[in-house]
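Q: Mind having a look at this structure? Questions to follow.
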Amino acid sequence: MAKLGFLGLGLMGYPMARNLLRAGHQVAVWSHTLSKARQLADSEGGMCCASPKEVAESADVIFLCVGDTEMATQVILGPDGIIEGARPGVVVADCSTIGVSESRQIGQALKAKGVDFLDAPVTGSTPGAEGGTLTFMIGGESTVFERIRPLLDPMGKKIYYCGAAGLGLQAKLTQNLILSNILMAFNEGMVLATKGGVDPELMLEILDNSAAKSGLISYKAPFVLSRNFTTNFSVKWMHKDVGLMLERAQELDIPLLLTGLTRQLFQAAIAAGHGEEDMCSTIKVLESFAGVEVTSQK
């Protein structure tokens with residue numbers, strides 16, 4: 001049984017921490033919403049903590065999964081943060097999707113205190129977190145990764161070591177770049193087909209049996225056709241990730257032409273009130289322009 005900490009108990013973090021507890025580990029938990037930490041501690045036998053510092057004082061390995069770069073920086077380096085409670089030799093693994101450069105700076109600040117750091121972003125959305133089938137992309141020292149590798153098993157089934165600090169995040173942003181642009185292509189294609197008179201379900205069958213077949217489309221399309229936009233991965237968080245892609249591209253002097261347009265479409269969805277819905281709700285923006293709804297005709 002390992003002595004672990006978990007900070008951030010949202011759609012992803014709560015089931016990830018729960019899976020660690022159900023695997024038999026001792027887990028100290030914290031959330032901005034204290035009631036979530038209390039609920040998890042009461043239901044699964046964890047330890048509810050009042051601050052990230054308190055979590056760090058009782059854990060040898062600390063995971064966190066929070067919304068953005070600012071949150072991660074505050075939780076790790078801020079007042080009552082992890083850095084104030086962690087002992088030398090502790091490992092911090094950040095499963096959040098944040099800026100590459102900022103993540104490296106966090107790692108350097110922790111290293112100065114003798115604390116090891118990994119960027120460990122995940123993909124798989126809420127179902128993957130619930131089922132313990134997430135994919136991890138890890139950046140940092142390989143020896144540190146090997147030390148904590150078995151602790152990832154209750155949370156994920158695919159674990160990729162990507163290299164030095166920041167490269168886990170680089171891989172995650174690349175994956176989300178492709179995913180978000182595929183989603184926009186799906187939105188445009190389905191609105192075009194529907195407005196042009198093609199049955200959406202027929203169009204999906206054609207896509208599934210052509211070179212345009214996509215795992216993302218196969219998974220998300222039924223939700224669109226049933227008009228079920230319950231959040232697995234929200235518009236606002238993908239909008240944030242697309243922004244991180246563009247920031248990273250600017251640092252590397254790479255033009256991301258399609259991705260720039262994709263971010264504007266996500267921004268339009270947020271402006272239209274869909275920010276908290278699942279990212280597949282972005283299709284509503286194009287539907288409103290075209291005056292058509294992509295829905296099951298059965």
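By order in the structure tokens, chains are A, B, ...; within a chain, residues start at 1; ligands start at 1, following the order shown.
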So which residues touch Lys3 (chain A) within 9 Å, counting only C-alpha atoms, skipping near sequence neighbours fewer than 5 positions away, as a tab-separated table (two decimals) with N, CA and C atoms, in the first residue's frame?

A:
```
chain	number	residue	atom	x	y	z
A	25	HIS	N	-4.66	1.65	-1.92
A	25	HIS	CA	-3.68	2.64	-1.50
A	25	HIS	C	-4.27	3.60	-0.47
A	26	GLN	N	-3.41	4.16	0.34
A	26	GLN	CA	-3.79	5.23	1.25
A	26	GLN	C	-3.72	6.54	0.48
A	27	VAL	N	-4.84	7.25	0.37
A	27	VAL	CA	-4.88	8.44	-0.47
A	27	VAL	C	-5.43	9.62	0.31
A	28	ALA	N	-4.62	10.68	0.41
A	28	ALA	CA	-5.07	11.95	0.97
A	28	ALA	C	-5.60	12.80	-0.17
A	58	SER	N	1.57	14.22	3.96
A	58	SER	CA	1.27	12.82	4.29
A	58	SER	C	1.50	11.86	3.13
A	59	ALA	N	2.03	12.33	2.00
A	59	ALA	CA	2.12	11.49	0.81
A	59	ALA	C	3.56	11.36	0.31
A	60	ASP	N	3.85	10.20	-0.28
A	60	ASP	CA	5.14	9.98	-0.93
A	60	ASP	C	5.08	10.26	-2.43
A	61	VAL	N	3.90	10.07	-3.02
A	61	VAL	CA	3.65	10.38	-4.42
A	61	VAL	C	2.34	11.15	-4.50
A	62	ILE	N	2.36	12.27	-5.21
A	62	ILE	CA	1.20	13.15	-5.27
A	62	ILE	C	0.77	13.32	-6.72
```

Q: Neighbours of region 105-112 of chain A within 10 Å (only C-alpha atoms; same-chain residues fewer than 6 positions away dropped), as a VMD selection string?

A: chain A and resid 72 to 73 76 to 77 82 to 84 86 88 to 94 99 118 to 119 140 165 to 166

Q: Go ahead and write the residues just picked, N, CA and C atoms, as a PDB file, in the first residue's frame.

A:
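Just written: selection-v1.pdb:
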```pdb
ATOM      1  N   ALA A  72      -2.790  24.865 -11.674  1.00  0.00           N
ATOM      2  CA  ALA A  72      -1.700  23.944 -11.339  1.00  0.00           C
ATOM      3  C   ALA A  72      -0.577  24.675 -10.620  1.00  0.00           C
ATOM      4  N   THR A  73      -0.223  25.849 -11.117  1.00  0.00           N
ATOM      5  CA  THR A  73       0.844  26.635 -10.492  1.00  0.00           C
ATOM      6  C   THR A  73       0.475  27.002  -9.065  1.00  0.00           C
ATOM      7  N   ILE A  76       0.502  23.873  -6.734  1.00  0.00           N
ATOM      8  CA  ILE A  76       1.833  23.311  -6.485  1.00  0.00           C
ATOM      9  C   ILE A  76       2.748  24.314  -5.785  1.00  0.00           C
ATOM     10  N   LEU A  77       2.791  25.557  -6.271  1.00  0.00           N
ATOM     11  CA  LEU A  77       3.788  26.516  -5.799  1.00  0.00           C
ATOM     12  C   LEU A  77       3.219  27.645  -4.947  1.00  0.00           C
ATOM     13  N   ILE A  82       1.667  22.471  -2.537  1.00  0.00           N
ATOM     14  CA  ILE A  82       2.416  21.223  -2.392  1.00  0.00           C
ATOM     15  C   ILE A  82       3.861  21.482  -1.972  1.00  0.00           C
ATOM     16  N   ILE A  83       4.473  22.502  -2.549  1.00  0.00           N
ATOM     17  CA  ILE A  83       5.891  22.764  -2.300  1.00  0.00           C
ATOM     18  C   ILE A  83       6.177  23.047  -0.829  1.00  0.00           C
ATOM     19  N   GLU A  84       5.178  23.527  -0.112  1.00  0.00           N
ATOM     20  CA  GLU A  84       5.367  23.859   1.308  1.00  0.00           C
ATOM     21  C   GLU A  84       5.269  22.633   2.215  1.00  0.00           C
ATOM     22  N   ALA A  86       5.808  19.144   0.850  1.00  0.00           N
ATOM     23  CA  ALA A  86       6.482  17.957   0.315  1.00  0.00           C
ATOM     24  C   ALA A  86       7.904  17.830   0.845  1.00  0.00           C
ATOM     25  N   PRO A  88      11.842  16.179   0.622  1.00  0.00           N
ATOM     26  CA  PRO A  88      12.755  15.733  -0.436  1.00  0.00           C
ATOM     27  C   PRO A  88      12.537  14.253  -0.751  1.00  0.00           C
ATOM     28  N   GLY A  89      12.517  13.938  -2.030  1.00  0.00           N
ATOM     29  CA  GLY A  89      12.288  12.562  -2.462  1.00  0.00           C
ATOM     30  C   GLY A  89      10.868  12.263  -2.868  1.00  0.00           C
ATOM     31  N   VAL A  90       9.934  13.154  -2.504  1.00  0.00           N
ATOM     32  CA  VAL A  90       8.543  12.995  -2.931  1.00  0.00           C
ATOM     33  C   VAL A  90       8.450  13.215  -4.440  1.00  0.00           C
ATOM     34  N   VAL A  91       7.507  12.523  -5.074  1.00  0.00           N
ATOM     35  CA  VAL A  91       7.260  12.689  -6.512  1.00  0.00           C
ATOM     36  C   VAL A  91       5.902  13.360  -6.708  1.00  0.00           C
ATOM     37  N   VAL A  92       5.880  14.386  -7.533  1.00  0.00           N
ATOM     38  CA  VAL A  92       4.644  15.047  -7.934  1.00  0.00           C
ATOM     39  C   VAL A  92       4.406  14.744  -9.408  1.00  0.00           C
ATOM     40  N   ALA A  93       3.254  14.162  -9.724  1.00  0.00           N
ATOM     41  CA  ALA A  93       2.882  13.846 -11.113  1.00  0.00           C
ATOM     42  C   ALA A  93       1.646  14.651 -11.471  1.00  0.00           C
ATOM     43  N   ASP A  94       1.812  15.595 -12.382  1.00  0.00           N
ATOM     44  CA  ASP A  94       0.720  16.489 -12.758  1.00  0.00           C
ATOM     45  C   ASP A  94      -0.008  15.921 -13.976  1.00  0.00           C
ATOM     46  N   GLY A  99       0.519  24.475 -19.899  1.00  0.00           N
ATOM     47  CA  GLY A  99       1.557  24.912 -20.813  1.00  0.00           C
ATOM     48  C   GLY A  99       2.867  24.166 -20.604  1.00  0.00           C
ATOM     49  N   LEU A 118       6.919  15.031 -12.592  1.00  0.00           N
ATOM     50  CA  LEU A 118       6.602  14.488 -13.912  1.00  0.00           C
ATOM     51  C   LEU A 118       5.395  15.208 -14.478  1.00  0.00           C
ATOM     52  N   ASP A 119       5.432  15.554 -15.764  1.00  0.00           N
ATOM     53  CA  ASP A 119       4.185  15.927 -16.432  1.00  0.00           C
ATOM     54  C   ASP A 119       3.563  14.631 -16.926  1.00  0.00           C
ATOM     55  N   GLY A 140       9.642  13.618 -18.121  1.00  0.00           N
ATOM     56  CA  GLY A 140      10.454  13.786 -16.920  1.00  0.00           C
ATOM     57  C   GLY A 140      11.563  12.755 -16.886  1.00  0.00           C
ATOM     58  N   ALA A 165      11.380  16.331 -19.478  1.00  0.00           N
ATOM     59  CA  ALA A 165      10.323  17.185 -18.928  1.00  0.00           C
ATOM     60  C   ALA A 165       9.610  17.963 -20.024  1.00  0.00           C
ATOM     61  N   GLY A 166       8.295  17.957 -19.971  1.00  0.00           N
ATOM     62  CA  GLY A 166       7.474  18.689 -20.925  1.00  0.00           C
ATOM     63  C   GLY A 166       7.029  17.887 -22.129  1.00  0.00           C
TER      64      GLY A 166
END
```

Q: Closest to Cys95 (chain A) among A:Thr231, A:Ser218, A:Thr135, A:Thr33, using only C-alpha atoms?

A: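 Result for the nearest residue to Cys95 (chain A): A:Thr135.
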
Q: Give me the residues near His32 (chain A) as a list in words, where near means some atom within 12 Å (using only C-alpha atoms) and where sequence neighbours in that chain fewer than 2 positions away do not count.

A: Leu7, Gly8, Leu9, Gly10, Gly13, Val29, Trp30, Leu34, Ser35, Lys36, Ala37, Arg38, Cys48, Cys49, Ala50, Ser51, Pro52, Cys65, Val66, Gly67, Met71, Ala72, Gln74 and Val75 of chain A

Q: Residues as selected, C-alpha atoms, written as a PDB file, in the first residue's frame, can you do that?

A:
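In the end it all went to part05.pdb:
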```pdb
ATOM      1  CA  LEU A   7      -5.581  17.030  -5.737  1.00  0.00           C
ATOM      2  CA  GLY A   8      -8.428  18.124  -8.008  1.00  0.00           C
ATOM      3  CA  LEU A   9     -11.635  16.114  -7.914  1.00  0.00           C
ATOM      4  CA  GLY A  10     -13.515  17.145 -11.028  1.00  0.00           C
ATOM      5  CA  GLY A  13      -9.837  13.611 -10.887  1.00  0.00           C
ATOM      6  CA  VAL A  29      -7.435  14.061  -1.143  1.00  0.00           C
ATOM      7  CA  TRP A  30      -8.085  17.765  -1.628  1.00  0.00           C
ATOM      8  CA  LEU A  34     -14.203  20.688  -0.073  1.00  0.00           C
ATOM      9  CA  SER A  35     -17.472  18.743  -0.166  1.00  0.00           C
ATOM     10  CA  LYS A  36     -16.079  16.565  -2.982  1.00  0.00           C
ATOM     11  CA  ALA A  37     -13.043  15.652  -0.904  1.00  0.00           C
ATOM     12  CA  ARG A  38     -15.235  14.845   2.090  1.00  0.00           C
ATOM     13  CA  CYS A  48      -9.800  14.605   3.459  1.00  0.00           C
ATOM     14  CA  CYS A  49      -7.277  17.458   3.647  1.00  0.00           C
ATOM     15  CA  ALA A  50      -7.815  21.195   4.034  1.00  0.00           C
ATOM     16  CA  SER A  51      -4.970  22.278   1.724  1.00  0.00           C
ATOM     17  CA  PRO A  52      -2.505  20.971  -0.878  1.00  0.00           C
ATOM     18  CA  CYS A  65      -5.610  16.934 -12.126  1.00  0.00           C
ATOM     19  CA  VAL A  66      -6.787  20.547 -12.305  1.00  0.00           C
ATOM     20  CA  GLY A  67      -8.227  22.759 -15.009  1.00  0.00           C
ATOM     21  CA  MET A  71      -4.593  26.402 -11.153  1.00  0.00           C
ATOM     22  CA  ALA A  72      -1.700  23.944 -11.339  1.00  0.00           C
ATOM     23  CA  GLN A  74      -1.225  27.808  -7.521  1.00  0.00           C
ATOM     24  CA  VAL A  75      -1.827  24.306  -6.175  1.00  0.00           C
TER      25      VAL A  75
END
```

Q: Taking only C-alpha atoms into account, name the residue in A:His274, A:Arg248, A:Lys220, A:Lys213 that is nearest to Lys236 (chain A).

A: A:His274

Q: Using only C-alpha atoms, find each residue of region 14-103 of chain A with at least one atom at most 9 Å away from an atom of region 168-182 of chain A; report its shortest atom-to-atom pair and that distance in Å (one decimal), sort the rows by chain and rising residue number, and return the result as JSON lines.

A:
```
{"residue": "A:Ser96", "atom": "CA", "partner": "A:Leu169", "partner_atom": "CA", "distance": 8.9}
{"residue": "A:Thr97", "atom": "CA", "partner": "A:Leu169", "partner_atom": "CA", "distance": 6.6}
{"residue": "A:Ile98", "atom": "CA", "partner": "A:Leu169", "partner_atom": "CA", "distance": 7.3}
{"residue": "A:Gly99", "atom": "CA", "partner": "A:Leu169", "partner_atom": "CA", "distance": 7.6}
{"residue": "A:Val100", "atom": "CA", "partner": "A:Leu169", "partner_atom": "CA", "distance": 6.1}
{"residue": "A:Ser103", "atom": "CA", "partner": "A:Leu169", "partner_atom": "CA", "distance": 8.5}
```

Q: Generate the output file for the selected residues, C-alpha atoms, as a PDB file, in the first residue's frame.

A:
```pdb
ATOM      1  CA  SER A  96      -3.420  18.300 -15.856  1.00  0.00           C
ATOM      2  CA  THR A  97      -3.036  19.670 -19.380  1.00  0.00           C
ATOM      3  CA  ILE A  98      -1.070  22.893 -18.965  1.00  0.00           C
ATOM      4  CA  GLY A  99       1.557  24.912 -20.813  1.00  0.00           C
ATOM      5  CA  VAL A 100       4.796  23.081 -21.609  1.00  0.00           C
ATOM      6  CA  SER A 103       5.261  22.946 -16.482  1.00  0.00           C
TER       7      SER A 103
END
```

Q: Closest to Thr282 (chain A) among A:Leu258, A:Val235, A:Val55, A:Ala185, using only C-alpha atoms?

A: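 Residue with the minimum atom-to-atom distance to Thr282 (chain A): A:Val235.
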
Q: What gap, in Å, lies between CA of Leu207 (chain A) and CA of Val285 (chain A)?

A: 21.9 Å

Q: Quick one: pick out all strand (DSSP E) residues within region 2-214 of chain A from a backbone DSSP run and write them as number ranges by chain.

A: A: 3-7, 26-30, 47-48, 61-64, 91-94, 116-119, 122-123, 134-139, 156-163

Q: Identify, on the basis of only C-alpha atoms, every residue whose closest approach to Val224 (chain A) does not exceed 8 Å; exclude the query and any residue fewer than 2 positions from it along the same chain; express the result as a list in words.

A: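 Counting only the stated atoms, we get Lys220, Ala221, Pro222, Ser226, Arg227, Asn228, Phe229, Cys280, Ser281, Val294 and Thr295 of chain A.
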
Q: I need the residue nearest Leu286 (chain A) from this list: A:Met184, A:Val242, A:Ala56, A:Leu256. Use only C-alpha atoms for the distance.

A: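 Closest to Leu286 (chain A) of all the choices is A:Met184.
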
Q: Please list as a PDB file with C-alpha atoms, in the first residue's frame every residue within 12 Å of Pro150 (chain A), counting only C-alpha atoms and excluding residues in the same chain fewer than 3 positions away.

A:
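Output file around32.pdb is given in full below:
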```
ATOM      1  CA  MET A   1       0.000   0.000   0.000  1.00  0.00           C
ATOM      2  CA  ALA A   2       1.445   3.326  -1.080  1.00  0.00           C
ATOM      3  CA  LEU A  20      -6.403   4.506  -6.419  1.00  0.00           C
ATOM      4  CA  ALA A  23      -6.712  -0.470  -5.429  1.00  0.00           C
ATOM      5  CA  HIS A  25      -3.684   2.640  -1.503  1.00  0.00           C
ATOM      6  CA  VAL A  61       3.652  10.380  -4.424  1.00  0.00           C
ATOM      7  CA  VAL A 144      11.430   8.841 -11.536  1.00  0.00           C
ATOM      8  CA  PHE A 145       8.869   7.475 -13.987  1.00  0.00           C
ATOM      9  CA  GLU A 146       9.970   3.899 -13.301  1.00  0.00           C
ATOM     10  CA  ARG A 147       9.586   4.465  -9.548  1.00  0.00           C
ATOM     11  CA  ASP A 153      -2.146   0.919 -13.342  1.00  0.00           C
ATOM     12  CA  PRO A 154      -5.407   1.500 -11.395  1.00  0.00           C
ATOM     13  CA  MET A 155      -6.003   4.642 -13.475  1.00  0.00           C
ATOM     14  CA  GLY A 156      -4.778   3.782 -16.955  1.00  0.00           C
ATOM     15  CA  LYS A 157      -4.129   0.940 -19.386  1.00  0.00           C
ATOM     16  CA  ILE A 159       1.326   4.306 -20.387  1.00  0.00           C
TER      17      ILE A 159
END
```

Q: Can you pull out every residue within 12 Å of Gly260 (chain A), counting only C-alpha atoms, but drop anything in the same chain fewer than 2 positions away, and send it as a PyMOL selection string?

A: chain A and resi 177+180-181+184+239+241-247+249-250+254-258+262-267
